[in-house]
Amino acid sequence: MKKKLFQNYTFDFDKNEKKVLISFCNQAIKQMQGDERFFKDIKAFDSIIKKLESDKNPVKLTKDEKTKLVFQLKENVKYFRKEMDKSWFIKKWLMKNMYNQYTNLLTKHFEN
């Protein structure tokens, strides 16, 4: 299997996907704010938010921003799947929307 020499880090998000990603990045920043070890991650998510809030389309991310975003999205999908498997109907119903949105973003834009 050949590895691509250059990868494209430009993404064409629609308005709703941008809103979901902005709220996701804001939440990630809030969770990491108190710890100095996450300084680079906070900086990357802040940069992603600025790029998503600008009206430029397509959005061009750096390799570092893309990898941090994809990793956090995958971790959230795993967490939601685990929580939905062990929860009752109402909690599962509330979490399913975010799980579906994150899964759709991963499959549509970030899967190779």
# chains A, B, ... in the order shown; residues from 1 in each chain; ligands from 1
call {"tool": "residues_around", "arguments": {"residues": "A:Lys19", "least_positions_apart": "6", "cutoff": "10 Å", "atoms": "only C-alpha atoms", "output": "number ranges by chain"}}
result
A: 13, 25, 49, 52-53
call {"tool": "select_by_dssp", "arguments": {"residues": "stretch 25-97 of chain A", "states": "alpha helix (DSSP H)", "output": "number ranges by chain"}}
result
A: 25-32, 39-53, 63-86, 89-97
call {"tool": "closest_residue", "arguments": {"among": "A:Thr62, A:Asn57, A:Gln33, A:Asn104", "to": "A:Gln7", "atoms": "only C-alpha atoms"}}
result
A:Thr62
call {"tool": "residues_around", "arguments": {"residues": "A:Phe11", "least_positions_apart": "5", "cutoff": "9 Å", "atoms": "only C-alpha atoms", "output": "ChimeraX atom specification"}}
result
/A:57-61,109-110
call {"tool": "closest_residue", "arguments": {"among": "A:Thr10, A:Thr67, A:Asn26, A:Gln31", "to": "A:Asp46", "atoms": "only C-alpha atoms"}}
result
A:Asn26
call {"tool": "residues_around", "arguments": {"residues": "A:Lys92", "least_positions_apart": "5", "cutoff": "10 Å", "atoms": "only C-alpha atoms", "output": "PyMOL selection string"}}
result
chain A and resi 80-81+83-87+97+99
call {"tool": "write_last_selection", "arguments": {"atoms": "C-alpha atoms", "output": "PDB file, in the first residue's frame"}}
result
ATOM      1  CA  PHE A  80     -20.656   8.363  23.601  1.00  0.00           C
ATOM      2  CA  ARG A  81     -20.850   4.774  22.313  1.00  0.00           C
ATOM      3  CA  GLU A  83     -22.159   5.639  27.617  1.00  0.00           C
ATOM      4  CA  MET A  84     -25.055   4.853  25.290  1.00  0.00           C
ATOM      5  CA  ASP A  85     -24.463   1.115  25.646  1.00  0.00           C
ATOM      6  CA  LYS A  86     -24.788   1.204  29.411  1.00  0.00           C
ATOM      7  CA  SER A  87     -27.498   3.865  29.804  1.00  0.00           C
ATOM      8  CA  ASN A  97     -27.814  13.231  18.401  1.00  0.00           C
ATOM      9  CA  TYR A  99     -22.963  10.777  18.560  1.00  0.00           C
TER      10      TYR A  99
END
call {"tool": "residues_around", "arguments": {"residues": "A:Phe71", "least_positions_apart": "2", "cutoff": "12 Å", "atoms": "only C-alpha atoms", "output": "MDAnalysis selection string"}}
result
chainID A and resid 28 41 64:69 73:78 102 106 110:111
call {"tool": "write_last_selection", "arguments": {"atoms": "C-alpha atoms", "output": "JSON list (two decimals), in the first residue's frame"}}
result
[["chain", "number", "residue", "atom", "x", "y", "z"],
["A", 28, "ALA", "CA", -12.48, 20.92, 24.41],
["A", 41, "ASP", "CA", -3.83, 21.67, 22.15],
["A", 64, "ASP", "CA", -1.38, 19.36, 13.61],
["A", 65, "GLU", "CA", -4.84, 20.95, 13.84],
["A", 66, "LYS", "CA", -6.39, 18.16, 11.80],
["A", 67, "THR", "CA", -4.80, 15.38, 13.83],
["A", 68, "LYS", "CA", -5.81, 16.94, 17.17],
["A", 69, "LEU", "CA", -9.37, 17.53, 15.96],
["A", 73, "LEU", "CA", -13.66, 13.57, 17.75],
["A", 74, "LYS", "CA", -12.81, 9.85, 17.74],
["A", 75, "GLU", "CA", -12.39, 9.85, 21.52],
["A", 76, "ASN", "CA", -15.78, 11.54, 21.95],
["A", 77, "VAL", "CA", -17.43, 9.03, 19.63],
["A", 78, "LYS", "CA", -15.93, 6.17, 21.70],
["A", 102, "TYR", "CA", -19.65, 13.46, 15.31],
["A", 106, "LEU", "CA", -15.68, 11.77, 10.82],
["A", 110, "PHE", "CA", -11.88, 12.83, 7.95],
["A", 111, "GLU", "CA", -11.91, 9.20, 6.82]]
call {"tool": "select_by_dssp", "arguments": {"residues": "chain A", "states": "strand (DSSP E or B)", "output": "PyMOL selection string"}}
result
chain A and resi 10-11+59-60
call {"tool": "write_last_selection", "arguments": {"atoms": "N, CA and C atoms", "output": "tab-separated table (two decimals), in the first residue's frame"}}
result
chain	number	residue	atom	x	y	z
A	10	THR	N	-7.66	20.78	3.33
A	10	THR	CA	-8.75	21.73	3.14
A	10	THR	C	-10.06	20.98	3.19
A	11	PHE	N	-11.01	21.56	3.91
A	11	PHE	CA	-12.30	20.91	4.12
A	11	PHE	C	-13.42	21.88	3.80
A	59	VAL	N	-12.17	25.53	4.36
A	59	VAL	CA	-11.35	25.80	5.54
A	59	VAL	C	-10.05	25.01	5.40
A	60	LYS	N	-8.93	25.71	5.54
A	60	LYS	CA	-7.63	25.04	5.42
A	60	LYS	C	-7.02	24.90	6.81
call {"tool": "atom_distance", "arguments": {"atom1": "atom CA of A:Leu21", "atom2": "atom CA of A:Thr103"}}
result
12.2 Å
call {"tool": "decode", "arguments": {"residues": "stretch 23-50 of chain A", "atoms": "C-alpha atoms", "output": "compact mmCIF listing (two decimals), in the first residue's frame"}}
result
# COMPACT_ATOMS: atom_id res chain seq x y z
CA SER A 23 -19.06 24.16 19.90
CA PHE A 24 -16.94 20.99 20.07
CA CYS A 25 -13.69 23.00 20.04
CA ASN A 26 -15.01 25.42 22.68
CA GLN A 27 -15.92 22.48 24.91
CA ALA A 28 -12.48 20.92 24.41
CA ILE A 29 -10.80 24.20 25.35
CA LYS A 30 -12.91 24.50 28.52
CA GLN A 31 -11.91 20.99 29.57
CA MET A 32 -8.18 21.60 29.00
CA GLN A 33 -7.85 25.17 30.29
CA GLY A 34 -6.53 24.54 33.79
CA ASP A 35 -3.61 22.35 32.76
CA GLU A 36 -0.35 23.71 31.32
CA ARG A 37 0.38 20.40 29.56
CA PHE A 38 -2.41 21.13 27.07
CA PHE A 39 -1.11 24.53 25.95
CA LYS A 40 -0.43 23.36 22.38
CA ASP A 41 -3.83 21.67 22.15
CA ILE A 42 -5.64 24.79 23.36
CA LYS A 43 -3.72 26.88 20.84
CA ALA A 44 -4.63 24.46 18.02
CA PHE A 45 -8.34 24.39 18.92
CA ASP A 46 -8.39 28.19 19.23
CA SER A 47 -6.89 28.42 15.75
CA ILE A 48 -9.49 25.98 14.40
CA ILE A 49 -12.28 28.11 15.88
CA LYS A 50 -10.91 31.26 14.24
